[in-house]
file final_25.cif (mmCIF, C-alpha atoms)
data_query
loop_
_atom_site.group_PDB
_atom_site.id
_atom_site.type_symbol
_atom_site.label_atom_id
_atom_site.label_comp_id
_atom_site.auth_asym_id
_atom_site.auth_seq_id
_atom_site.Cartn_x
_atom_site.Cartn_y
_atom_site.Cartn_z
ATOM 1 C CA MET X 1063 -12.090 74.653 -50.243
ATOM 2 C CA ILE X 1064 -12.648 74.860 -53.983
ATOM 3 C CA ASN X 1065 -10.066 73.501 -56.387
ATOM 4 C CA SER X 1066 -8.799 76.315 -58.616
ATOM 5 C CA LYS X 1067 -8.681 76.172 -62.399
ATOM 6 C CA SER X 1068 -5.339 75.758 -64.130
ATOM 7 C CA ASN X 1069 -4.403 76.764 -67.668
ATOM 8 C CA ARG X 1070 -1.523 74.247 -67.831
ATOM 9 C CA SER X 1071 -3.432 71.113 -66.824
ATOM 10 C CA ASN X 1072 -5.116 68.937 -69.430
ATOM 11 C CA THR X 1073 -8.182 68.661 -67.146
ATOM 12 C CA GLY X 1074 -8.430 72.349 -66.267
ATOM 13 C CA PHE X 1075 -7.962 71.693 -62.536
ATOM 14 C CA LYS X 1076 -4.838 72.369 -60.508
ATOM 15 C CA GLY X 1077 -2.942 69.226 -59.509
ATOM 16 C CA ILE X 1078 -5.021 66.813 -61.608
ATOM 17 C CA THR X 1079 -3.907 65.419 -64.965
ATOM 18 C CA LEU X 1080 -5.403 62.785 -67.238
ATOM 19 C CA ARG X 1081 -2.985 59.936 -67.918
ATOM 20 C CA LYS X 1082 -3.808 58.277 -71.212
ATOM 21 C CA ARG X 1083 -2.678 54.649 -71.175
ATOM 22 C CA ALA X 1084 -2.542 52.525 -74.301
ATOM 23 C CA GLY X 1085 -4.700 49.409 -74.072
ATOM 24 C CA ARG X 1086 -5.958 50.233 -70.558
ATOM 25 C CA ASN X 1087 -8.448 52.598 -68.975
ATOM 26 C CA ASP X 1088 -7.346 56.220 -68.622
ATOM 27 C CA LYS X 1089 -6.749 57.454 -65.064
ATOM 28 C CA PHE X 1090 -6.731 60.864 -63.398
ATOM 29 C CA GLN X 1091 -3.448 61.368 -61.523
ATOM 30 C CA THR X 1092 -3.605 63.696 -58.525
ATOM 31 C CA GLN X 1093 -0.764 65.460 -56.728
ATOM 32 C CA VAL X 1094 -0.223 68.277 -54.245
ATOM 33 C CA CYS X 1095 2.716 70.694 -54.187
ATOM 34 C CA VAL X 1096 4.036 71.644 -50.739
ATOM 35 C CA ALA X 1097 6.431 74.595 -50.424
ATOM 36 C CA LEU X 1098 9.357 73.934 -48.098
ATOM 37 C CA ARG X 1099 11.454 76.490 -46.243
ATOM 38 C CA GLU X 1100 14.465 75.869 -48.476
ATOM 39 C CA GLY X 1101 12.417 77.071 -51.432
ATOM 40 C CA ASN X 1102 12.320 73.718 -53.199
ATOM 41 C CA PRO X 1103 8.759 72.488 -53.701
ATOM 42 C CA LYS X 1104 7.890 68.891 -52.869
ATOM 43 C CA TYR X 1105 5.256 67.083 -54.915
ATOM 44 C CA ILE X 1106 3.164 64.510 -53.069
ATOM 45 C CA HIS X 1107 1.329 61.869 -55.103
ATOM 46 C CA VAL X 1108 -2.238 61.568 -53.815
ATOM 47 C CA GLY X 1109 -3.492 58.794 -56.077
ATOM 48 C CA ASN X 1110 -4.969 57.661 -59.370
ATOM 49 C CA PHE X 1111 -8.722 57.851 -59.857
ATOM 50 C CA ASP X 1112 -11.172 56.587 -62.485
ATOM 51 C CA THR X 1113 -13.248 59.779 -62.735
ATOM 52 C CA LEU X 1114 -12.535 63.484 -62.486
ATOM 53 C CA GLU X 1115 -15.074 63.879 -59.675
ATOM 54 C CA GLU X 1116 -13.298 61.216 -57.577
ATOM 55 C CA ALA X 1117 -9.965 62.940 -58.216
ATOM 56 C CA LEU X 1118 -11.330 66.317 -57.101
ATOM 57 C CA ILE X 1119 -12.782 64.835 -53.902
ATOM 58 C CA GLY X 1120 -9.649 62.812 -53.161
ATOM 59 C CA ARG X 1121 -7.335 65.802 -53.570
ATOM 60 C CA GLU X 1122 -9.548 68.041 -51.453
ATOM 61 C CA GLN X 1123 -9.750 65.455 -48.631
ATOM 62 C CA PHE X 1124 -5.977 64.965 -48.728
ATOM 63 C CA ILE X 1125 -5.382 68.718 -48.380
ATOM 64 C CA ARG X 1126 -7.827 68.960 -45.468
ATOM 65 C CA ASN X 1127 -6.104 66.073 -43.655
ATOM 66 C CA LEU X 1128 -2.662 67.526 -44.369
ATOM 67 C CA PHE X 1129 -3.417 70.830 -42.683
#

call {"tool": "encode", "arguments": {"input": "final_25.cif", "output": "structure tokens"}}
result
Amino acid sequence: MINSKSNRSNTGFKGITLRKRAGRNDKFQTQVCVALREGNPKYIHVGNFDTLEEALIGREQFIRNLF
């Protein structure tokens, strides 16, 4: 599975955003959106990672374990 590009994300990858934190190291926040039958999406927080590569791997592994 390859993570798709997103125009709305500040990293360019779907589900991964860079959280800039004053006075501390920046982190990449990762989440997955799951569509429910009622039509309301549910966002699941996967984790915070130090590098973009770790965030990509972590999100991909989470999706594989979810399904």

call {"tool": "residues_around", "arguments": {"input": "final_25.cif", "residues": "segment 1115-1120 of chain X", "least_positions_apart": "4", "cutoff": "8 Å", "atoms": "all atoms listed in the file", "output": "PDB file with C-alpha atoms, in the coordinates of the input"}}
result
ATOM      1  CA  ASN X1065     -10.066  73.501 -56.387  1.00  0.00           C
ATOM      2  CA  ILE X1078      -5.021  66.813 -61.608  1.00  0.00           C
ATOM      3  CA  PHE X1090      -6.731  60.864 -63.398  1.00  0.00           C
ATOM      4  CA  GLN X1091      -3.448  61.368 -61.523  1.00  0.00           C
ATOM      5  CA  THR X1092      -3.605  63.696 -58.525  1.00  0.00           C
ATOM      6  CA  VAL X1108      -2.238  61.568 -53.815  1.00  0.00           C
ATOM      7  CA  GLY X1109      -3.492  58.794 -56.077  1.00  0.00           C
ATOM      8  CA  ASN X1110      -4.969  57.661 -59.370  1.00  0.00           C
ATOM      9  CA  PHE X1111      -8.722  57.851 -59.857  1.00  0.00           C
ATOM     10  CA  PHE X1124      -5.977  64.965 -48.728  1.00  0.00           C
TER      11      PHE X1124
END

call {"tool": "residues_near_point", "arguments": {"input": "final_25.cif", "point": "(-4.9, 66.6, -68.2)", "cutoff": "12 Å", "atoms": "all atoms listed in the file", "output": "list in words"}}
result
Lys1067, Ser1068, Asn1069, Arg1070, Ser1071, Asn1072, Thr1073, Gly1074, Phe1075, Lys1076, Gly1077, Ile1078, Thr1079, Leu1080, Arg1081, Lys1082, Asp1088, Lys1089, Phe1090, Gln1091, Thr1092, Leu1114 and Ala1117 of chain X

call {"tool": "atom_distance", "arguments": {"input": "final_25.cif", "atom1": "atom CA of Glu1122 of chain X", "atom2": "atom CA of Asn1102 of chain X"}}
result
22.7 Å

call {"tool": "atom_distance", "arguments": {"input": "final_25.cif", "atom1": "atom CA of Ile1106 of chain X", "atom2": "atom CA of Asn1087 of chain X"}}
result
23.0 Å

call {"tool": "atom_distance", "arguments": {"input": "final_25.cif", "atom1": "atom CA of Ala1084 of chain X", "atom2": "atom CA of Arg1121 of chain X"}}
result
25.1 Å
